[in-house]
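Everything below belongs to query-v3.cif, which stores mmCIF, C-alpha atoms; chains and numbers go by the auth columns.
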```cif
data_start
#
loop_
_atom_site.group_PDB
_atom_site.id
_atom_site.type_symbol
_atom_site.label_atom_id
_atom_site.label_comp_id
_atom_site.label_asym_id
_atom_site.label_seq_id
_atom_site.Cartn_x
_atom_site.Cartn_y
_atom_site.Cartn_z
_atom_site.B_iso_or_equiv
_atom_site.auth_seq_id
_atom_site.auth_asym_id
ATOM 1 C CA MET A 1 0.000 0.000 0.000 0.00 82 A
ATOM 2 C CA ILE A 2 2.740 2.349 0.970 0.00 83 A
ATOM 3 C CA ARG A 3 4.672 1.497 -2.247 0.00 84 A
ATOM 4 C CA ILE A 4 1.630 2.360 -4.417 0.00 85 A
ATOM 5 C CA VAL A 5 1.265 5.713 -2.647 0.00 86 A
ATOM 6 C CA ASP A 6 4.995 6.376 -3.134 0.00 87 A
ATOM 7 C CA SER A 7 4.718 5.537 -6.863 0.00 88 A
ATOM 8 C CA LEU A 8 1.789 7.910 -7.323 0.00 89 A
ATOM 9 C CA ALA A 9 3.694 10.701 -5.604 0.00 90 A
ATOM 10 C CA ILE A 10 6.683 10.101 -7.832 0.00 91 A
ATOM 11 C CA VAL A 11 4.488 10.215 -10.953 0.00 92 A
ATOM 12 C CA ARG A 12 2.914 13.485 -9.776 0.00 93 A
ATOM 13 C CA HIS A 13 6.345 14.981 -9.184 0.00 94 A
ATOM 14 C CA LEU A 14 7.488 13.858 -12.623 0.00 95 A
ATOM 15 C CA LYS A 15 4.446 15.457 -14.215 0.00 96 A
ATOM 16 C CA SER A 16 5.184 18.751 -12.441 0.00 97 A
ATOM 17 C CA ILE A 17 8.813 18.644 -13.502 0.00 98 A
ATOM 18 C CA PHE A 18 7.798 17.914 -17.099 0.00 99 A
ATOM 19 C CA ALA A 19 5.320 20.815 -17.065 0.00 100 A
ATOM 20 C CA LEU A 20 7.962 23.156 -15.683 0.00 101 A
ATOM 21 C CA LEU A 21 10.429 22.057 -18.343 0.00 102 A
ATOM 22 C CA CYS A 22 7.899 22.747 -21.119 0.00 103 A
ATOM 23 C CA LEU A 23 7.141 26.165 -19.691 0.00 104 A
ATOM 24 C CA GLY A 24 10.808 26.969 -19.519 0.00 105 A
ATOM 25 C CA LEU A 25 11.333 25.975 -23.134 0.00 106 A
ATOM 26 C CA LEU A 26 8.437 28.168 -24.265 0.00 107 A
ATOM 27 C CA LEU A 27 9.732 31.200 -22.394 0.00 108 A
ATOM 28 C CA THR A 28 13.288 30.894 -23.675 0.00 109 A
ATOM 29 C CA ALA A 29 12.490 29.936 -27.284 0.00 110 A
ATOM 30 C CA PRO A 30 13.461 32.688 -29.884 0.00 111 A
ATOM 31 C CA ALA A 31 10.657 34.797 -31.427 0.00 112 A
ATOM 32 C CA HIS A 32 9.677 33.887 -34.966 0.00 113 A
ATOM 33 C CA ALA A 33 11.683 35.991 -37.489 0.00 114 A
ATOM 34 C CA GLU A 34 9.636 38.065 -39.889 0.00 115 A
ATOM 35 C CA ASP A 35 10.232 38.762 -43.553 0.00 116 A
ATOM 36 C CA HIS A 36 9.518 42.279 -44.755 0.00 117 A
ATOM 37 C CA ILE A 37 9.080 43.177 -48.398 0.00 118 A
ATOM 38 C CA VAL A 38 10.521 46.411 -49.782 0.00 119 A
ATOM 39 C CA THR A 39 9.673 47.200 -53.368 0.00 120 A
ATOM 40 C CA GLN A 40 11.655 49.188 -55.902 0.00 121 A
ATOM 41 C CA LYS A 41 9.496 51.093 -58.340 0.00 122 A
ATOM 42 C CA ASN A 42 9.915 54.277 -60.416 0.00 123 A
ATOM 43 C CA LYS A 43 13.613 54.315 -59.467 0.00 124 A
ATOM 44 C CA ALA A 44 12.725 54.608 -55.779 0.00 125 A
ATOM 45 C CA PHE A 45 12.039 52.488 -52.708 0.00 126 A
ATOM 46 C CA THR A 46 8.328 52.400 -51.930 0.00 127 A
ATOM 47 C CA VAL A 47 9.143 53.270 -48.307 0.00 128 A
ATOM 48 C CA ALA A 48 11.728 55.653 -46.883 0.00 129 A
ATOM 49 C CA ASP A 49 12.088 53.938 -43.503 0.00 130 A
ATOM 50 C CA ALA A 50 11.631 50.425 -42.149 0.00 131 A
ATOM 51 C CA ASN A 51 11.606 49.322 -38.504 0.00 132 A
ATOM 52 C CA ILE A 52 12.401 45.647 -38.005 0.00 133 A
ATOM 53 C CA LYS A 53 13.659 43.281 -35.314 0.00 134 A
ATOM 54 C CA VAL A 54 17.014 41.551 -35.061 0.00 135 A
ATOM 55 C CA GLY A 55 16.829 38.366 -37.106 0.00 136 A
ATOM 56 C CA ASP A 56 14.196 39.653 -39.481 0.00 137 A
ATOM 57 C CA THR A 57 14.808 39.601 -43.203 0.00 138 A
ATOM 58 C CA ILE A 58 14.002 42.113 -45.931 0.00 139 A
ATOM 59 C CA THR A 59 13.121 40.914 -49.395 0.00 140 A
ATOM 60 C CA PHE A 60 13.986 43.555 -51.953 0.00 141 A
ATOM 61 C CA ARG A 61 11.604 43.129 -54.842 0.00 142 A
ATOM 62 C CA ASN A 62 12.302 44.834 -58.159 0.00 143 A
ATOM 63 C CA GLU A 63 8.915 45.903 -59.525 0.00 144 A
ATOM 64 C CA ASP A 64 10.523 48.554 -61.668 0.00 145 A
ATOM 65 C CA THR A 65 11.201 48.606 -65.396 0.00 146 A
ATOM 66 C CA VAL A 66 14.962 48.948 -64.884 0.00 147 A
ATOM 67 C CA VAL A 67 17.655 46.992 -63.077 0.00 148 A
ATOM 68 C CA HIS A 68 18.762 47.920 -59.569 0.00 149 A
ATOM 69 C CA ASN A 69 21.842 47.213 -57.504 0.00 150 A
ATOM 70 C CA ILE A 70 21.076 47.540 -53.800 0.00 151 A
ATOM 71 C CA PHE A 71 23.902 47.909 -51.308 0.00 152 A
ATOM 72 C CA SER A 72 24.748 49.234 -47.875 0.00 153 A
ATOM 73 C CA LEU A 73 28.025 50.447 -46.425 0.00 154 A
ATOM 74 C CA SER A 74 26.657 50.905 -42.911 0.00 155 A
ATOM 75 C CA ASP A 75 28.752 49.821 -39.946 0.00 156 A
ATOM 76 C CA PRO A 76 26.543 47.079 -38.551 0.00 157 A
ATOM 77 C CA MET A 77 26.789 45.156 -41.812 0.00 158 A
ATOM 78 C CA SER A 78 27.748 46.052 -45.379 0.00 159 A
ATOM 79 C CA PHE A 79 26.401 44.157 -48.299 0.00 160 A
ATOM 80 C CA ASP A 80 26.020 44.333 -52.060 0.00 161 A
ATOM 81 C CA LEU A 81 23.154 42.478 -53.708 0.00 162 A
ATOM 82 C CA GLY A 82 24.476 42.820 -57.259 0.00 163 A
ATOM 83 C CA THR A 83 22.438 43.888 -60.242 0.00 164 A
ATOM 84 C CA TYR A 84 19.023 42.296 -60.525 0.00 165 A
ATOM 85 C CA ALA A 85 16.396 42.667 -63.195 0.00 166 A
ATOM 86 C CA PRO A 86 12.709 43.594 -63.009 0.00 167 A
ATOM 87 C CA GLY A 87 10.740 40.774 -61.434 0.00 168 A
ATOM 88 C CA GLU A 88 13.694 39.466 -59.442 0.00 169 A
ATOM 89 C CA THR A 89 14.141 39.600 -55.668 0.00 170 A
ATOM 90 C CA ARG A 90 17.063 39.580 -53.266 0.00 171 A
ATOM 91 C CA GLN A 91 16.873 38.853 -49.530 0.00 172 A
ATOM 92 C CA VAL A 92 18.990 40.125 -46.645 0.00 173 A
ATOM 93 C CA ALA A 93 18.929 38.939 -43.021 0.00 174 A
ATOM 94 C CA PHE A 94 19.595 41.660 -40.445 0.00 175 A
ATOM 95 C CA LYS A 95 21.228 39.924 -37.486 0.00 176 A
ATOM 96 C CA THR A 96 22.842 43.002 -35.932 0.00 177 A
ATOM 97 C CA MET A 97 21.106 45.897 -34.236 0.00 178 A
ATOM 98 C CA GLY A 98 21.599 49.359 -35.721 0.00 179 A
ATOM 99 C CA THR A 99 20.582 51.719 -38.515 0.00 180 A
ATOM 100 C CA TYR A 100 21.376 50.812 -42.088 0.00 181 A
ATOM 101 C CA LEU A 101 21.389 53.223 -44.997 0.00 182 A
ATOM 102 C CA ILE A 102 20.386 51.239 -48.071 0.00 183 A
ATOM 103 C CA GLU A 103 21.140 52.665 -51.531 0.00 184 A
ATOM 104 C CA CYS A 104 21.211 51.751 -55.190 0.00 185 A
ATOM 105 C CA SER A 105 24.528 52.067 -57.007 0.00 186 A
ATOM 106 C CA ILE A 106 22.751 52.884 -60.274 0.00 187 A
ATOM 107 C CA HIS A 107 20.175 55.398 -59.010 0.00 188 A
ATOM 108 C CA PRO A 108 21.774 57.905 -56.641 0.00 189 A
ATOM 109 C CA ASN A 109 18.467 59.260 -55.301 0.00 190 A
ATOM 110 C CA MET A 110 17.277 55.907 -53.963 0.00 191 A
ATOM 111 C CA LYS A 111 17.657 55.800 -50.198 0.00 192 A
ATOM 112 C CA LEU A 112 16.092 53.650 -47.477 0.00 193 A
ATOM 113 C CA ASN A 113 16.768 53.714 -43.736 0.00 194 A
ATOM 114 C CA VAL A 114 16.356 50.392 -41.945 0.00 195 A
ATOM 115 C CA HIS A 115 16.227 50.535 -38.140 0.00 196 A
ATOM 116 C CA VAL A 116 16.968 47.171 -36.543 0.00 197 A
ATOM 117 C CA THR A 117 16.097 46.779 -32.858 0.00 198 A
ATOM 118 C CA ASN A 118 15.737 43.954 -30.338 0.00 199 A
ATOM 119 C CA MET B 1 -26.138 111.633 -107.070 0.00 353 B
ATOM 120 C CA LEU B 2 -23.567 109.388 -108.746 0.00 354 B
ATOM 121 C CA ASP B 3 -24.351 107.374 -111.823 0.00 355 B
ATOM 122 C CA SER B 4 -23.310 103.743 -112.263 0.00 356 B
ATOM 123 C CA SER B 5 -19.991 104.493 -113.940 0.00 357 B
ATOM 124 C CA GLN B 6 -19.006 106.851 -111.168 0.00 358 B
ATOM 125 C CA HIS B 7 -19.999 104.182 -108.633 0.00 359 B
ATOM 126 C CA GLU B 8 -17.711 101.746 -110.440 0.00 360 B
ATOM 127 C CA VAL B 9 -14.806 104.172 -110.276 0.00 361 B
ATOM 128 C CA LYS B 10 -15.415 104.805 -106.595 0.00 362 B
ATOM 129 C CA ARG B 11 -15.504 101.074 -105.839 0.00 363 B
ATOM 130 C CA THR B 12 -12.275 100.533 -107.741 0.00 364 B
ATOM 131 C CA ARG B 13 -10.601 103.418 -105.907 0.00 365 B
ATOM 132 C CA ASP B 14 -11.759 102.028 -102.538 0.00 366 B
ATOM 133 C CA LYS B 15 -10.354 98.628 -103.421 0.00 367 B
ATOM 134 C CA LEU B 16 -7.022 100.119 -104.388 0.00 368 B
ATOM 135 C CA ASN B 17 -6.871 102.089 -101.151 0.00 369 B
ATOM 136 C CA ALA B 18 -7.620 98.931 -99.166 0.00 370 B
ATOM 137 C CA TYR B 19 -4.846 97.041 -100.964 0.00 371 B
ATOM 138 C CA ARG B 20 -2.421 99.900 -100.352 0.00 372 B
ATOM 139 C CA LEU B 21 -3.306 99.922 -96.675 0.00 373 B
ATOM 140 C CA LEU B 22 -2.799 96.145 -96.434 0.00 374 B
ATOM 141 C CA ALA B 23 0.514 96.334 -98.280 0.00 375 B
ATOM 142 C CA GLY B 24 1.637 99.061 -95.912 0.00 376 B
ATOM 143 C CA LEU B 25 0.750 97.007 -92.880 0.00 377 B
ATOM 144 C CA VAL B 26 2.573 93.932 -94.197 0.00 378 B
ATOM 145 C CA ALA B 27 5.627 96.004 -95.033 0.00 379 B
ATOM 146 C CA THR B 28 5.612 97.488 -91.540 0.00 380 B
ATOM 147 C CA LEU B 29 5.369 94.058 -89.978 0.00 381 B
ATOM 148 C CA VAL B 30 8.170 92.650 -92.116 0.00 382 B
ATOM 149 C CA GLY B 31 10.341 95.610 -91.326 0.00 383 B
ATOM 150 C CA ALA B 32 9.728 95.295 -87.630 0.00 384 B
ATOM 151 C CA LEU B 33 10.509 91.588 -87.736 0.00 385 B
ATOM 152 C CA GLY B 34 13.701 92.187 -89.616 0.00 386 B
ATOM 153 C CA TYR B 35 14.743 94.789 -87.088 0.00 387 B
ATOM 154 C CA VAL B 36 14.162 92.382 -84.235 0.00 388 B
ATOM 155 C CA ILE B 37 16.077 89.566 -85.911 0.00 389 B
ATOM 156 C CA ALA B 38 18.989 91.785 -86.805 0.00 390 B
ATOM 157 C CA GLY B 39 19.146 93.174 -83.301 0.00 391 B
ATOM 158 C CA ALA B 40 18.837 89.813 -81.532 0.00 392 B
ATOM 159 C CA ALA B 41 21.817 88.604 -79.479 0.00 393 B
ATOM 160 C CA PRO B 42 23.817 85.870 -81.189 0.00 394 B
ATOM 161 C CA LEU B 43 23.338 82.285 -79.888 0.00 395 B
ATOM 162 C CA GLU B 44 25.591 81.587 -76.935 0.00 396 B
ATOM 163 C CA GLN B 45 28.288 79.080 -77.795 0.00 397 B
ATOM 164 C CA ALA B 46 29.012 76.538 -75.037 0.00 398 B
ATOM 165 C CA ALA B 47 32.578 76.753 -73.809 0.00 399 B
ATOM 166 C CA PRO B 48 34.553 73.497 -74.158 0.00 400 B
ATOM 167 C CA GLY B 49 35.157 73.486 -70.386 0.00 401 B
ATOM 168 C CA ASP B 50 31.437 73.203 -69.736 0.00 402 B
ATOM 169 C CA ALA B 51 31.355 69.570 -70.875 0.00 403 B
ATOM 170 C CA VAL B 52 34.173 68.646 -68.492 0.00 404 B
ATOM 171 C CA ARG B 53 32.403 70.427 -65.635 0.00 405 B
ATOM 172 C CA ARG B 54 29.141 68.661 -66.393 0.00 406 B
ATOM 173 C CA GLY B 55 30.980 65.378 -66.757 0.00 407 B
ATOM 174 C CA ASP B 56 32.606 65.890 -63.357 0.00 408 B
ATOM 175 C CA GLN B 57 29.215 66.304 -61.706 0.00 409 B
ATOM 176 C CA LEU B 58 27.749 63.334 -63.551 0.00 410 B
ATOM 177 C CA PHE B 59 30.708 61.140 -62.698 0.00 411 B
ATOM 178 C CA HIS B 60 30.387 61.938 -59.017 0.00 412 B
ATOM 179 C CA SER B 61 26.644 61.315 -59.043 0.00 413 B
ATOM 180 C CA TYR B 62 26.619 58.042 -60.954 0.00 414 B
ATOM 181 C CA CYS B 63 30.094 56.531 -61.157 0.00 415 B
ATOM 182 C CA SER B 64 32.115 57.453 -58.100 0.00 416 B
ATOM 183 C CA ARG B 65 30.469 55.010 -55.721 0.00 417 B
ATOM 184 C CA CYS B 66 32.122 52.141 -57.555 0.00 418 B
ATOM 185 C CA HIS B 67 35.041 53.804 -59.353 0.00 419 B
ATOM 186 C CA GLY B 68 35.936 56.098 -56.465 0.00 420 B
ATOM 187 C CA VAL B 69 35.826 59.868 -56.141 0.00 421 B
ATOM 188 C CA ASP B 70 39.222 59.993 -57.852 0.00 422 B
ATOM 189 C CA ALA B 71 38.156 57.561 -60.579 0.00 423 B
ATOM 190 C CA ASP B 72 40.964 55.227 -59.521 0.00 424 B
ATOM 191 C CA GLY B 73 38.789 52.200 -58.768 0.00 425 B
ATOM 192 C CA LYS B 74 39.114 52.650 -55.018 0.00 426 B
ATOM 193 C CA SER B 75 35.892 53.115 -53.122 0.00 427 B
ATOM 194 C CA PRO B 76 34.204 51.639 -50.030 0.00 428 B
ATOM 195 C CA LEU B 77 31.766 49.802 -52.297 0.00 429 B
ATOM 196 C CA ALA B 78 34.582 48.430 -54.453 0.00 430 B
ATOM 197 C CA ALA B 79 35.697 46.338 -51.484 0.00 431 B
ATOM 198 C CA LEU B 80 32.378 44.448 -51.619 0.00 432 B
ATOM 199 C CA LEU B 81 32.510 43.713 -55.323 0.00 433 B
ATOM 200 C CA SER B 82 33.823 40.452 -56.742 0.00 434 B
ATOM 201 C CA THR B 83 35.561 42.340 -59.559 0.00 435 B
ATOM 202 C CA ARG B 84 37.444 45.502 -58.755 0.00 436 B
ATOM 203 C CA PRO B 85 36.161 48.531 -60.688 0.00 437 B
ATOM 204 C CA SER B 86 38.578 49.901 -63.270 0.00 438 B
ATOM 205 C CA ASN B 87 41.048 52.645 -62.557 0.00 439 B
ATOM 206 C CA LEU B 88 39.655 55.080 -65.100 0.00 440 B
ATOM 207 C CA ARG B 89 42.647 57.402 -64.816 0.00 441 B
ATOM 208 C CA ARG B 90 44.770 54.755 -66.508 0.00 442 B
ATOM 209 C CA SER B 91 42.311 53.102 -68.861 0.00 443 B
ATOM 210 C CA VAL B 92 43.803 51.991 -72.163 0.00 444 B
ATOM 211 C CA LEU B 93 40.432 51.711 -73.872 0.00 445 B
ATOM 212 C CA SER B 94 39.717 53.981 -76.808 0.00 446 B
ATOM 213 C CA ARG B 95 37.050 56.611 -76.417 0.00 447 B
ATOM 214 C CA ALA B 96 34.717 54.563 -78.607 0.00 448 B
ATOM 215 C CA ASP B 97 35.231 51.474 -76.427 0.00 449 B
ATOM 216 C CA LYS B 98 34.676 53.472 -73.272 0.00 450 B
ATOM 217 C CA GLU B 99 31.489 54.887 -74.742 0.00 451 B
ATOM 218 C CA ARG B 100 30.245 51.371 -75.537 0.00 452 B
ATOM 219 C CA MET B 101 31.142 50.209 -72.048 0.00 453 B
ATOM 220 C CA VAL B 102 29.210 53.013 -70.385 0.00 454 B
ATOM 221 C CA ARG B 103 26.252 52.773 -72.712 0.00 455 B
ATOM 222 C CA LEU B 104 25.887 48.979 -72.903 0.00 456 B
ATOM 223 C CA GLY B 105 27.548 47.729 -69.715 0.00 457 B
ATOM 224 C CA GLY B 106 30.274 45.243 -68.993 0.00 458 B
ATOM 225 C CA ALA B 107 28.559 41.963 -69.924 0.00 459 B
ATOM 226 C CA VAL B 108 27.959 42.973 -73.543 0.00 460 B
ATOM 227 C CA ASN B 109 31.580 44.041 -73.853 0.00 461 B
ATOM 228 C CA SER B 110 33.025 40.821 -72.451 0.00 462 B
ATOM 229 C CA ARG B 111 33.864 42.522 -69.189 0.00 463 B
ATOM 230 C CA SER B 112 32.442 42.210 -65.680 0.00 464 B
ATOM 231 C CA PRO B 113 28.625 42.209 -65.574 0.00 465 B
ATOM 232 C CA ILE B 114 28.902 44.275 -62.410 0.00 466 B
ATOM 233 C CA MET B 115 29.337 47.323 -64.674 0.00 467 B
ATOM 234 C CA PRO B 116 25.737 48.188 -65.528 0.00 468 B
ATOM 235 C CA SER B 117 24.392 49.581 -68.762 0.00 469 B
ATOM 236 C CA TRP B 118 23.725 53.284 -68.427 0.00 470 B
ATOM 237 C CA GLN B 119 21.868 53.926 -71.666 0.00 471 B
ATOM 238 C CA ASN B 120 18.517 54.073 -69.858 0.00 472 B
ATOM 239 C CA GLU B 121 19.880 56.487 -67.249 0.00 473 B
ATOM 240 C CA LEU B 122 22.195 58.798 -69.173 0.00 474 B
ATOM 241 C CA SER B 123 21.757 60.554 -72.500 0.00 475 B
ATOM 242 C CA ARG B 124 24.423 60.404 -75.219 0.00 476 B
ATOM 243 C CA THR B 125 25.387 63.968 -74.328 0.00 477 B
ATOM 244 C CA GLN B 126 25.778 63.058 -70.662 0.00 478 B
ATOM 245 C CA ILE B 127 27.902 60.032 -71.540 0.00 479 B
ATOM 246 C CA ASN B 128 30.099 62.209 -73.759 0.00 480 B
ATOM 247 C CA ASP B 129 30.437 64.745 -70.941 0.00 481 B
ATOM 248 C CA ILE B 130 31.606 61.983 -68.609 0.00 482 B
ATOM 249 C CA LEU B 131 34.104 60.800 -71.213 0.00 483 B
ATOM 250 C CA ASP B 132 35.362 64.362 -71.631 0.00 484 B
ATOM 251 C CA TYR B 133 35.814 64.569 -67.881 0.00 485 B
ATOM 252 C CA LEU B 134 37.672 61.264 -67.779 0.00 486 B
ATOM 253 C CA GLN B 135 39.914 62.417 -70.605 0.00 487 B
ATOM 254 C CA SER B 136 40.707 65.563 -68.619 0.00 488 B
ATOM 255 C CA ILE B 137 41.897 63.567 -65.576 0.00 489 B
ATOM 256 C CA ARG B 138 43.678 60.835 -67.506 0.00 490 B
ATOM 257 C CA GLU B 139 47.151 60.167 -66.184 0.00 491 B
ATOM 258 C CA SER B 140 49.871 60.483 -68.774 0.00 492 B
ATOM 259 C CA LYS B 141 52.202 57.521 -69.126 0.00 493 B
ATOM 260 C CA PRO B 142 55.378 57.844 -67.037 0.00 494 B
#
```

Please rewrite the model in this file as structure tokens.
Amino acid sequence: MIRIVDSLAIVRHLKSIFALLCLGLLLTAPAHAEDHIVTQKNKAFTVADANIKVGDTITFRNEDTVVHNIFSLSDPMSFDLGTYAPGETRQVAFKTMGTYLIECSIHPNMKLNVHVTN
Amino acid sequence: MLDSSQHEVKRTRDKLNAYRLLAGLVATLVGALGYVIAGAAPLEQAAPGDAVRRGDQLFHSYCSRCHGVDADGKSPLAALLSTRPSNLRRSVLSRADKERMVRLGGAVNSRSPIMPSWQNELSRTQINDILDYLQSIRESKP
């Protein structure tokens, strides 16, 4: 009788431990990264500013009639996406906090500020 | 009271006077126009240096980010590119080849595709201005 009671207690304890473990995993799991779309049209970005979270990505979509070459020389991370034609896309993951000035090497008036926060 | 023949004469005289008046007006207008044309300032001729100045501005707006502010191929963006942009101060290409390169891009000219085609962005005049500018800063051979 005493052994059965002990077994039940142990099972209850195990259940509590398991529940605590699951809760812990949920609280510490990373937030789902979002993808943001920024369009190029009429030799301009369709937005002037973008606010995103660390880990998010931006998909640069060329909906223009001309090619674009998007790049950034900002300190957090520099990149060059190369020339891509109308209809094509390029994606960048922003893993470092900071402000990025995004430009086009072909169209000097194209500018986009991306603010990456936690 | 005038008879019919006198009426005829009067009508003819009136017509002649009207024609004389019209001729006088036309002559006055032609004379005035001639005076204006003769007195107009001659068309301003663009100085040769203007093309180089325009080319300088165009180069710095469109080309310097890759080719560098000194056109020597050194720029912050150049460090990210898989093919280093040309040092345009020492280019051995002919003017015609340079013009084709700028207008049609690198891929068409068997060079790096990183060099874009500028024919949709720059007019022929603007491209020539840039070439004039590049000629003006070309380093002479040692």

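Set the cut-off at 9 Å, count only C-alpha atoms, and the residues of chain B near chain A turn out to be Ser413, Tyr414, Cys415, Arg417, Cys418, Pro428, Leu429, Leu432, Leu433, Pro465, Ile466, Met467, Pro468, Trp470, Asn472 and Glu473 of chain B.
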
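The set of residues that the PyMOL selection byres ((chain B and resi 491) around 8) takes from this file is Arg441, Arg442, Ile489, Arg490, Ser492 and Lys493 of chain B.
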
One-decimal distance in Å that lies between atom CA of Ala430 of chain B and atom CA of Phe411 of chain B: 15.6 Å

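Using only C-alpha atoms, the smallest distance between any of B:Leu368, B:Val421, B:Ala431, B:Val404 and Asn480 of chain B comes from B:Val404.
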
Place a sphere of radius 9 Å on (15.7, 34.7, -34.6) in the file coordinates and name every protein, DNA or RNA residue with an atom inside or on its surface, counting all atoms listed in the file; give the answer as a compact mmCIF listing (two decimals) with C-alpha atoms, in the frame of the given file.
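result_32.txt written:
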```
# COMPACT_ATOMS: atom_id res chain seq x y z
CA PRO A 111 13.46 32.69 -29.88
CA ALA A 112 10.66 34.80 -31.43
CA HIS A 113 9.68 33.89 -34.97
CA ALA A 114 11.68 35.99 -37.49
CA GLU A 115 9.64 38.06 -39.89
CA LYS A 134 13.66 43.28 -35.31
CA VAL A 135 17.01 41.55 -35.06
CA GLY A 136 16.83 38.37 -37.11
CA ASP A 137 14.20 39.65 -39.48
CA LYS A 176 21.23 39.92 -37.49
```

Atomic distance atom CA of Val197 of chain A - atom CA of Thr138 of chain A, expressed in Å with one decimal: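 If I compute the distance from atom CA of Val197 of chain A to atom CA of Thr138 of chain A, I get 10.3 Å.
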
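Between atom CA of Arg406 of chain B and atom CA of Phe126 of chain A the separation is 27.2 Å.
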
The PyMOL selection byres ((chain A and resi 167) around 10) applied to the shown file, residues as a PyMOL selection string: chain A and resi 121-122+142-149+165-166+168-170

Residues matched by the PyMOL selection byres ((chain B and resi 402) around 12) as number ranges by chain: B: 397-401, 403-409, 477-478, 480-482, 484-485

Protein, DNA and RNA residues within 9 Å of (21.0, 52.1, -47.4), only C-alpha atoms, as a list in words: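 Those residues, ordered by chain and then number, are Ile151, Phe152, Ser153, Leu154, Ser155, Thr180, Tyr181, Leu182, Ile183, Glu184, Cys185, Met191, Lys192, Leu193, Asn194 and Val195 of chain A.
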